[in-house]
$ cat target36.csv   # CSV, C-alpha atoms and all ligand atoms
chain,number,residue,atom,x,y,z
A,6,MET,CA,114.1,81.3,107.9
A,7,LEU,CA,112.2,83.3,110.5
A,8,ASN,CA,110.6,81.6,113.5
A,9,ILE,CA,108.3,83.6,115.7
A,10,VAL,CA,107.7,81.7,119.0
A,11,ASP,CA,105.0,82.6,121.5
A,12,LEU,CA,105.8,86.3,120.7
A,13,THR,CA,103.9,88.6,123.1
A,14,LYS,CA,103.8,92.3,123.7
A,15,GLU,CA,101.9,93.7,126.6
A,16,TYR,CA,101.2,97.4,127.0
A,17,LYS,CA,99.7,98.8,130.2
A,18,ASN,CA,96.1,98.3,129.1
A,19,VAL,CA,96.3,96.1,126.1
A,20,THR,CA,98.0,92.9,124.9
A,21,ALA,CA,99.0,94.1,121.4
A,22,VAL,CA,100.5,90.7,120.4
A,23,ASP,CA,99.3,87.6,122.1
A,24,HIS,CA,101.4,84.4,121.9
A,25,LEU,CA,102.0,84.6,118.2
A,26,ASN,CA,103.6,81.6,116.5
A,27,LEU,CA,104.6,81.4,112.9
A,28,THR,CA,107.4,80.4,110.6
A,29,ILE,CA,108.4,82.1,107.3
A,30,GLU,CA,110.5,80.1,104.9
A,31,ASP,CA,113.3,81.5,102.8
A,32,GLY,CA,112.0,83.0,99.6
A,33,GLU,CA,108.4,83.1,100.9
A,34,PHE,CA,106.2,86.2,100.5
A,35,PHE,CA,104.2,86.1,103.7
A,36,GLY,CA,101.3,88.4,104.6
A,37,LEU,CA,99.8,89.4,108.0
A,38,LEU,CA,96.3,90.5,107.3
A,39,GLY,CA,94.2,92.2,110.0
A,40,PRO,CA,92.2,95.3,110.8
A,41,ASN,CA,93.3,98.4,112.6
A,42,GLY,CA,94.8,97.7,116.0
A,43,ALA,CA,95.3,93.9,115.3
A,44,GLY,CA,99.0,94.0,116.3
A,45,LYS,CA,100.6,94.1,112.8
A,46,THR,CA,102.9,97.1,113.4
A,47,THR,CA,103.8,95.9,116.9
A,48,THR,CA,104.9,92.5,115.4
A,49,VAL,CA,107.0,94.2,112.7
A,50,ARG,CA,108.6,96.5,115.3
A,51,MET,CA,109.5,93.7,117.6
A,52,ILE,CA,111.2,91.8,114.7
A,53,SER,CA,113.0,94.9,113.7
A,54,THR,CA,114.1,95.3,117.3
A,55,ILE,CA,112.6,98.8,117.7
A,56,THR,CA,110.0,97.7,120.2
A,57,PRO,CA,111.2,95.3,123.0
A,58,LYS,CA,109.1,92.2,123.3
A,59,THR,CA,107.5,91.2,126.5
A,60,SER,CA,108.1,87.5,126.1
A,61,GLY,CA,108.6,84.8,123.5
A,62,ASP,CA,111.3,84.6,120.9
A,63,ILE,CA,112.3,85.7,117.4
A,64,VAL,CA,114.7,83.4,115.7
A,65,ILE,CA,116.3,84.1,112.3
A,66,ASP,CA,118.4,81.3,110.7
A,67,GLY,CA,118.6,79.6,114.0
A,68,GLU,CA,119.8,82.6,116.0
A,69,SER,CA,117.7,84.4,118.6
A,70,ILE,CA,117.6,88.2,118.4
A,71,ASP,CA,118.3,88.2,122.1
A,72,ARG,CA,121.8,86.9,121.4
A,73,ASN,CA,122.8,88.1,117.9
A,74,LEU,CA,121.3,91.5,117.5
A,75,THR,CA,124.0,92.8,115.1
A,76,THR,CA,123.9,89.8,112.8
A,77,ILE,CA,120.2,89.8,112.7
A,78,LYS,CA,119.9,93.5,112.0
A,79,ALA,CA,122.1,93.1,109.0
A,80,LYS,CA,119.8,90.4,107.7
A,81,ILE,CA,116.6,92.4,107.7
A,82,GLY,CA,115.4,95.5,105.9
A,83,VAL,CA,112.5,97.5,107.3
A,84,VAL,CA,109.9,99.7,105.7
A,85,PRO,CA,107.9,101.2,108.5
A,86,GLN,CA,104.2,102.2,108.3
A,87,GLN,CA,105.0,105.9,108.9
A,88,ASN,CA,107.3,108.0,106.8
A,89,ASN,CA,110.7,108.2,108.6
A,90,LEU,CA,112.8,109.7,105.7
A,91,GLU,CA,115.0,112.7,106.3
A,92,ASN,CA,112.6,115.1,104.6
A,93,GLU,CA,115.2,117.9,104.2
A,94,MET,CA,117.6,115.6,102.4
A,95,SER,CA,117.4,114.4,98.8
A,96,ALA,CA,116.7,110.8,97.9
A,97,TRP,CA,120.3,110.1,97.1
A,98,GLU,CA,121.4,111.6,100.5
A,99,ASN,CA,118.8,109.6,102.4
A,100,LEU,CA,120.3,106.4,100.8
A,101,GLU,CA,123.9,107.7,101.4
A,102,VAL,CA,123.3,108.1,105.1
A,103,HIS,CA,121.8,104.7,105.5
A,104,GLY,CA,124.7,103.2,103.5
A,105,ILE,CA,127.2,104.9,105.8
A,106,LEU,CA,125.3,103.7,108.9
A,107,TYR,CA,125.5,100.1,107.6
A,108,HIS,CA,129.3,100.5,106.9
A,109,ILE,CA,128.9,99.9,103.1
A,110,GLY,CA,132.2,101.1,101.4
A,111,LYS,CA,132.0,104.2,99.1
A,112,GLU,CA,132.2,102.5,95.7
A,113,LYS,CA,129.8,99.7,96.6
A,114,ARG,CA,127.4,102.3,98.1
A,115,ARG,CA,127.4,104.4,95.0
A,116,GLN,CA,126.8,101.4,92.8
A,117,LYS,CA,124.0,100.0,95.0
A,118,ILE,CA,122.3,103.4,95.4
A,119,ALA,CA,122.2,103.9,91.6
A,120,GLU,CA,120.9,100.4,91.1
A,121,LEU,CA,118.1,100.8,93.6
A,122,LEU,CA,117.1,104.2,92.4
A,123,GLU,CA,116.7,102.6,89.0
A,124,PHE,CA,114.8,99.7,90.4
A,125,THR,CA,112.3,101.9,92.1
A,126,GLY,CA,112.1,104.3,89.2
A,127,LEU,CA,113.4,107.3,91.1
A,128,THR,CA,116.6,108.0,89.2
A,129,GLU,CA,115.3,111.2,87.6
A,130,ARG,CA,114.3,112.6,91.0
A,131,LYS,CA,117.3,111.5,92.9
A,132,ASP,CA,118.5,115.0,93.8
A,133,ASP,CA,115.0,116.3,94.9
A,134,LEU,CA,114.3,116.7,98.6
A,135,ALA,CA,112.3,113.8,100.0
A,136,LYS,CA,109.7,116.3,101.3
A,137,THR,CA,108.8,117.1,97.6
A,138,TYR,CA,108.0,113.4,96.9
A,139,SER,CA,104.5,112.0,96.5
A,140,GLY,CA,103.3,109.4,98.9
A,141,GLY,CA,104.1,106.6,96.5
A,142,MET,CA,107.6,107.9,95.8
A,143,LYS,CA,108.3,108.2,99.5
A,144,ARG,CA,107.3,104.6,100.0
A,145,LYS,CA,109.5,103.5,97.1
A,146,LEU,CA,112.4,105.4,98.5
A,147,MET,CA,111.9,103.7,101.9
A,148,ILE,CA,112.0,100.4,100.1
A,149,ALA,CA,115.2,101.3,98.2
A,150,ARG,CA,116.7,102.3,101.6
A,151,ALA,CA,115.6,99.0,103.2
A,152,LEU,CA,117.3,97.0,100.4
A,153,LEU,CA,120.5,98.9,100.4
A,154,HIS,CA,122.5,96.7,102.8
A,155,GLU,CA,121.3,93.6,100.9
A,156,PRO,CA,119.1,92.1,103.6
A,157,GLU,CA,117.8,88.5,103.3
A,158,MET,CA,114.4,89.5,104.5
A,159,LEU,CA,112.2,92.6,104.0
A,160,LEU,CA,109.6,93.7,106.5
A,161,LEU,CA,107.0,95.9,104.8
A,162,ASP,CA,104.4,97.5,107.2
A,163,GLU,CA,101.4,98.5,105.1
A,164,PRO,CA,103.3,99.4,102.0
A,165,THR,CA,100.3,100.9,100.1
A,166,VAL,CA,98.3,102.6,102.8
A,167,GLY,CA,97.3,106.1,101.7
A,168,LEU,CA,98.1,105.4,98.0
A,169,ASP,CA,95.6,105.8,95.2
A,170,ALA,CA,94.6,102.8,93.1
A,171,GLY,CA,97.1,103.5,90.4
A,172,ALA,CA,100.0,104.0,92.7
A,173,ARG,CA,99.0,100.9,94.6
A,174,ARG,CA,99.1,98.8,91.5
A,175,LYS,CA,102.6,100.1,90.6
A,176,MET,CA,103.7,99.3,94.1
A,177,TRP,CA,102.4,95.7,93.7
A,178,ASP,CA,104.4,95.3,90.5
A,179,LEU,CA,107.5,96.5,92.3
A,180,LEU,CA,106.8,94.0,95.2
A,181,LYS,CA,106.2,91.2,92.6
A,182,ARG,CA,109.6,91.9,91.1
A,183,LEU,CA,111.2,91.6,94.6
A,184,LYS,CA,109.3,88.3,95.0
A,185,SER,CA,110.6,87.0,91.7
A,186,ASN,CA,114.1,87.9,92.8
A,187,GLY,CA,113.7,85.5,95.6
A,188,LEU,CA,113.7,87.9,98.6
A,189,THR,CA,111.9,86.8,101.7
A,190,VAL,CA,109.1,89.2,102.5
A,191,LEU,CA,106.9,89.8,105.5
A,192,LEU,CA,104.1,92.2,104.6
A,193,THR,CA,101.4,93.6,106.7
A,194,THR,CA,98.2,94.9,105.2
A,195,HIS,CA,94.5,95.4,105.8
A,196,TYR,CA,93.8,95.3,102.1
A,197,ILE,CA,92.2,92.0,101.1
A,198,GLU,CA,93.3,92.2,97.4
A,199,GLU,CA,96.8,93.0,98.4
A,200,ALA,CA,97.1,89.9,100.4
A,201,GLU,CA,95.5,87.8,97.7
A,202,VAL,CA,97.5,89.2,94.9
A,203,LEU,CA,101.0,89.1,96.5
A,204,CYS,CA,101.2,86.5,99.3
A,205,ASP,CA,102.1,82.9,99.1
A,206,ARG,CA,100.7,82.4,102.6
A,207,VAL,CA,98.6,84.7,104.8
A,208,GLY,CA,98.2,84.8,108.5
A,209,LEU,CA,94.9,86.4,109.7
A,210,ILE,CA,95.6,88.4,112.8
A,211,ASN,CA,92.9,89.8,115.2
A,212,LYS,CA,93.4,91.4,118.6
A,213,GLY,CA,97.0,90.2,118.7
A,214,LYS,CA,96.2,86.6,118.0
A,215,LEU,CA,96.8,84.5,114.9
A,216,VAL,CA,93.3,83.3,113.8
A,217,GLN,CA,94.2,81.2,110.7
A,218,LEU,CA,97.2,80.6,108.5
A,219,ASP,CA,97.4,79.1,105.0
A,220,THR,CA,97.6,80.0,101.3
A,221,PRO,CA,94.9,82.4,100.2
A,222,LEU,CA,93.3,79.6,98.1
A,223,ASN,CA,93.2,77.1,100.9
A,224,LEU,CA,91.7,79.6,103.3
A,225,ILE,CA,89.0,80.5,100.8
A,226,GLU,CA,88.3,76.9,100.0
A,227,GLU,CA,88.0,76.0,103.7
A,228,VAL,CA,85.3,78.6,104.2
A,229,GLY,CA,83.6,77.9,100.8
A,230,LYS,CA,84.5,79.3,97.4
A,231,VAL,CA,81.1,80.8,96.7
A,232,THR,CA,79.4,83.5,98.8
A,233,VAL,CA,75.8,84.4,98.9
A,234,GLU,CA,75.3,88.0,100.0
A,235,TYR,CA,72.0,89.4,100.9
A,236,PHE,CA,70.5,92.4,102.6
A,237,GLU,CA,68.1,91.8,105.5
A,238,ASP,CA,67.0,93.6,108.7
A,239,GLY,CA,69.1,96.7,107.7
A,240,LYS,CA,72.4,94.9,107.2
A,241,THR,CA,74.4,92.7,104.8
A,242,HIS,CA,74.6,89.0,105.5
A,243,GLU,CA,77.0,86.4,104.0
A,244,GLU,CA,76.6,82.6,103.7
A,245,PHE,CA,79.4,80.4,102.2
A,246,PHE,CA,79.1,77.4,100.0
A,247,ARG,CA,81.4,74.8,98.4
A,248,THR,CA,79.7,74.9,95.0
A,249,ARG,CA,77.8,77.3,92.8
A,250,GLU,CA,74.8,74.9,92.8
A,251,GLU,CA,74.6,74.9,96.6
A,252,ALA,CA,74.8,78.7,96.5
A,253,ASN,CA,72.1,78.9,93.9
A,254,THR,CA,69.8,76.7,95.9
A,255,TYR,CA,70.2,78.8,99.0
A,256,ALA,CA,69.9,82.1,97.1
A,257,GLY,CA,66.5,80.8,95.8
A,258,THR,CA,65.2,80.7,99.3
A,259,ILE,CA,66.0,84.4,100.0
A,260,GLU,CA,63.5,87.1,99.4
A,261,GLY,CA,64.8,90.4,98.2
A,262,GLU,CA,68.2,91.3,96.7
A,263,VAL,CA,70.8,88.5,96.5
A,264,ARG,CA,74.3,88.4,95.1
A,265,ILE,CA,76.3,85.3,94.4
A,266,ARG,CA,80.0,86.0,94.1
A,267,PRO,CA,83.4,84.3,94.6
A,268,SER,CA,84.5,84.3,98.3
A,269,ASN,CA,87.6,86.3,99.3
A,270,LEU,CA,89.8,86.7,102.3
A,271,GLU,CA,87.4,89.3,103.8
A,272,ASP,CA,84.8,86.5,104.0
A,273,VAL,CA,87.3,84.2,105.6
A,274,PHE,CA,88.2,86.8,108.2
A,275,LEU,CA,84.5,87.5,108.8
A,276,LYS,CA,83.7,83.8,109.3
A,277,PHE,CA,86.5,83.3,111.9
A,278,THR,CA,86.3,86.6,113.8
A,279,ASN,CA,82.8,88.0,113.2
A,280,ARG,CA,84.6,91.1,112.1
A,281,ARG,CA,85.7,92.8,108.9
A,282,VAL,CA,89.3,93.6,108.0
A,283,GLU,CA,88.5,96.5,105.7
A,284,SER,CA,86.3,98.9,107.6
B,301,LIG,N1,103.2,102.5,122.3
B,301,LIG,C1,102.0,102.0,122.6
B,301,LIG,N2,101.5,102.1,123.8
B,301,LIG,C2,100.3,101.6,124.2
B,301,LIG,N3,99.5,100.8,123.3
B,301,LIG,C3,100.0,100.7,122.1
B,301,LIG,C4,101.3,101.2,121.6
B,301,LIG,N4,101.5,100.8,120.4
B,301,LIG,C5,100.4,100.1,120.0
B,301,LIG,N5,99.6,100.0,121.0
B,301,LIG,C6,98.3,99.2,121.0
B,301,LIG,O1,98.5,97.9,120.5
B,301,LIG,C7,97.5,97.5,119.7
B,301,LIG,C8,98.1,97.0,118.4
B,301,LIG,O2,98.6,98.2,117.7
B,301,LIG,P1,99.3,98.1,116.3
B,301,LIG,O3,99.8,99.4,115.9
B,301,LIG,O4,100.3,97.0,116.4
B,301,LIG,O5,98.1,97.6,115.3
B,301,LIG,P2,98.1,97.5,113.7
B,301,LIG,O6,97.6,96.1,113.4
B,301,LIG,O7,99.4,97.8,113.1
B,301,LIG,O8,97.0,98.6,113.3
B,301,LIG,P3,96.9,99.5,112.0
B,301,LIG,O9,96.3,98.7,110.9
B,301,LIG,O10,96.0,100.6,112.5
B,301,LIG,O11,98.3,100.0,111.7
B,301,LIG,C9,96.5,98.6,119.6
B,301,LIG,O12,95.5,98.4,120.5
B,301,LIG,C10,97.3,99.8,120.0
B,301,LIG,O13,96.5,100.8,120.6
B,302,MG,MG,100.0,99.2,111.8
$ encode --input "target36.csv" --output "structure tokens" --more "lines below"
Ligand SMILES: Nc1ncnc2c1ncn2[C@@H]1O[C@H](COP(=O)(O)OP(=O)(O)OP(=O)(O)O)[C@@H](O)[C@H]1O
Ligand SMILES: [Mg+2]
Amino acid sequence: MLNIVDLTKEYKNVTAVDHLNLTIEDGEFFGLLGPNGAGKTTTVRMISTITPKTSGDIVIDGESIDRNLTTIKAKIGVVPQQNNLENEMSAWENLEVHGILYHIGKEKRRQKIAELLEFTGLTERKDDLAKTYSGGMKRKLMIARALLHEPEMLLLDEPTVGLDAGARRKMWDLLKRLKSNGLTVLLTTHYIEEAEVLCDRVGLINKGKLVQLDTPLNLIEEVGKVTVEYFEDGKTHEEFFRTREEANTYAGTIEGEVRIRPSNLEDVFLKFTNRRVES
């Protein structure tokens, strides 16, 4: 279990993460959804101990990272937002280096590397240099690397950013397989559909603060399951309703083009922050 308690990161001119509190249960697939600059990467980097926190605490299975850094590092696998592969090395070599750093014995290392290359569909390309990989393949290799030391929890920072629609769907399938294997996952994203499709619970984050936290369905129901969207005074407006009937009645009062559609997490975000996630 991961407990984030009052976690704060202050840079000179900005509070990137502002008293963040959340708990992620074992086996849960948790999403942090927020726009550019919301503080997602900073949060992931603090949990992965790359960025020092200003205050607050990060506790994994009852142990604070301030006191048990080594134990905690072994428990988490990290897939950063930016590619940090060794580009002049092959996929196999990238994994080999990580395995050695994590003191995995030779035989076990070979077996795990082969297994993870198979899992991520990279076996045939295992001897090619990482720099020759596509964006999606690089991301998969980073996931394989993050899983090599058998962590309990995986931190995925924007795993599908920059991928085309097809590659994104393939990545979702891979992440769903991880989910069904029972791994605990903290994913950050600014893609609405990604959060809705994959996550058991979603925390909406804006300007370093947690705005709302619940299952996607509960968040949507709280705002209203049906959205009436219309264009007026040069911009798009949304109103939210509990039922289709209420939405229909309201839509009848609008002149001009009106669309009635199911609400999504973008609407929830908009309602609570007056801002869009995907912009
Ligand atoms: N090293 C740094 N020095 C100063 N400010 C920083 C630094 N890193 C991040 N920030 C600021 O902290 C805030 C949060 O940034 P962060 O990268 O965590 O956002 P994000 O939610 O991951 O955004 P994106 O969706 O663009 O990846 C931003 O205002 C950013 O400019
Ligand atoms: Mg980021």
$ residues_around --input "target36.csv" --residues "Thr48 (chain A)" --least-positions-apart "2" --cutoff "9 Å" --atoms "all atoms listed in the file" --output "list in words"
Leu12, Thr13, Lys14, Ala21, Val22, Leu25, Gly44, Lys45, Thr46, Arg50, Met51, Ile52, Ser53, Thr56, Lys58 and Gly213 of chain A
$ atom_distance --input "target36.csv" --atom1 "CA of Thr28 (chain A)" --atom2 "CA of Gly167 (chain A)"
29.0 Å
$ closest_residue --input "target36.csv" --among "A:Ala79, A:Ala170, A:Met142, A:Val49" --to "ligand MG 302 (chain B)" --atoms "only C-alpha atoms and all ligand atoms"
A:Val49
$ residues_near_ligand --input "target36.csv" --ligand "ligand LIG 301 (chain B)" --cutoff "10 Å" --atoms "only C-alpha atoms and all ligand atoms" --output "VMD selection string"
chain A and resid 14 to 22 37 to 51 56 86 to 87 162 to 163 166 193 to 196 210 to 213 282 to 283
$ write_last_selection --input "target36.csv" --atoms "C-alpha atoms" --output "JSON list (two decimals), in the coordinates of the input"
[["chain", "number", "residue", "atom", "x", "y", "z"],
["A", 14, "LYS", "CA", 103.80, 92.30, 123.70],
["A", 15, "GLU", "CA", 101.90, 93.70, 126.60],
["A", 16, "TYR", "CA", 101.20, 97.40, 127.00],
["A", 17, "LYS", "CA", 99.70, 98.80, 130.20],
["A", 18, "ASN", "CA", 96.10, 98.30, 129.10],
["A", 19, "VAL", "CA", 96.30, 96.10, 126.10],
["A", 20, "THR", "CA", 98.00, 92.90, 124.90],
["A", 21, "ALA", "CA", 99.00, 94.10, 121.40],
["A", 22, "VAL", "CA", 100.50, 90.70, 120.40],
["A", 37, "LEU", "CA", 99.80, 89.40, 108.00],
["A", 38, "LEU", "CA", 96.30, 90.50, 107.30],
["A", 39, "GLY", "CA", 94.20, 92.20, 110.00],
["A", 40, "PRO", "CA", 92.20, 95.30, 110.80],
["A", 41, "ASN", "CA", 93.30, 98.40, 112.60],
["A", 42, "GLY", "CA", 94.80, 97.70, 116.00],
["A", 43, "ALA", "CA", 95.30, 93.90, 115.30],
["A", 44, "GLY", "CA", 99.00, 94.00, 116.30],
["A", 45, "LYS", "CA", 100.60, 94.10, 112.80],
["A", 46, "THR", "CA", 102.90, 97.10, 113.40],
["A", 47, "THR", "CA", 103.80, 95.90, 116.90],
["A", 48, "THR", "CA", 104.90, 92.50, 115.40],
["A", 49, "VAL", "CA", 107.00, 94.20, 112.70],
["A", 50, "ARG", "CA", 108.60, 96.50, 115.30],
["A", 51, "MET", "CA", 109.50, 93.70, 117.60],
["A", 56, "THR", "CA", 110.00, 97.70, 120.20],
["A", 86, "GLN", "CA", 104.20, 102.20, 108.30],
["A", 87, "GLN", "CA", 105.00, 105.90, 108.90],
["A", 162, "ASP", "CA", 104.40, 97.50, 107.20],
["A", 163, "GLU", "CA", 101.40, 98.50, 105.10],
["A", 166, "VAL", "CA", 98.30, 102.60, 102.80],
["A", 193, "THR", "CA", 101.40, 93.60, 106.70],
["A", 194, "THR", "CA", 98.20, 94.90, 105.20],
["A", 195, "HIS", "CA", 94.50, 95.40, 105.80],
["A", 196, "TYR", "CA", 93.80, 95.30, 102.10],
["A", 210, "ILE", "CA", 95.60, 88.40, 112.80],
["A", 211, "ASN", "CA", 92.90, 89.80, 115.20],
["A", 212, "LYS", "CA", 93.40, 91.40, 118.60],
["A", 213, "GLY", "CA", 97.00, 90.20, 118.70],
["A", 282, "VAL", "CA", 89.30, 93.60, 108.00],
["A", 283, "GLU", "CA", 88.50, 96.50, 105.70]]
$ closest_residue --input "target36.csv" --among "A:Glu157, A:Arg150, A:Val84, A:His108" --to "ligand MG 302 (chain B)" --atoms "all atoms listed in the file"
A:Val84
$ closest_residue --input "target36.csv" --among "A:Thr165, A:Glu250, A:Ser69, A:Leu121" --to "ligand MG 302 (chain B)" --atoms "only C-alpha atoms and all ligand atoms"
A:Thr165
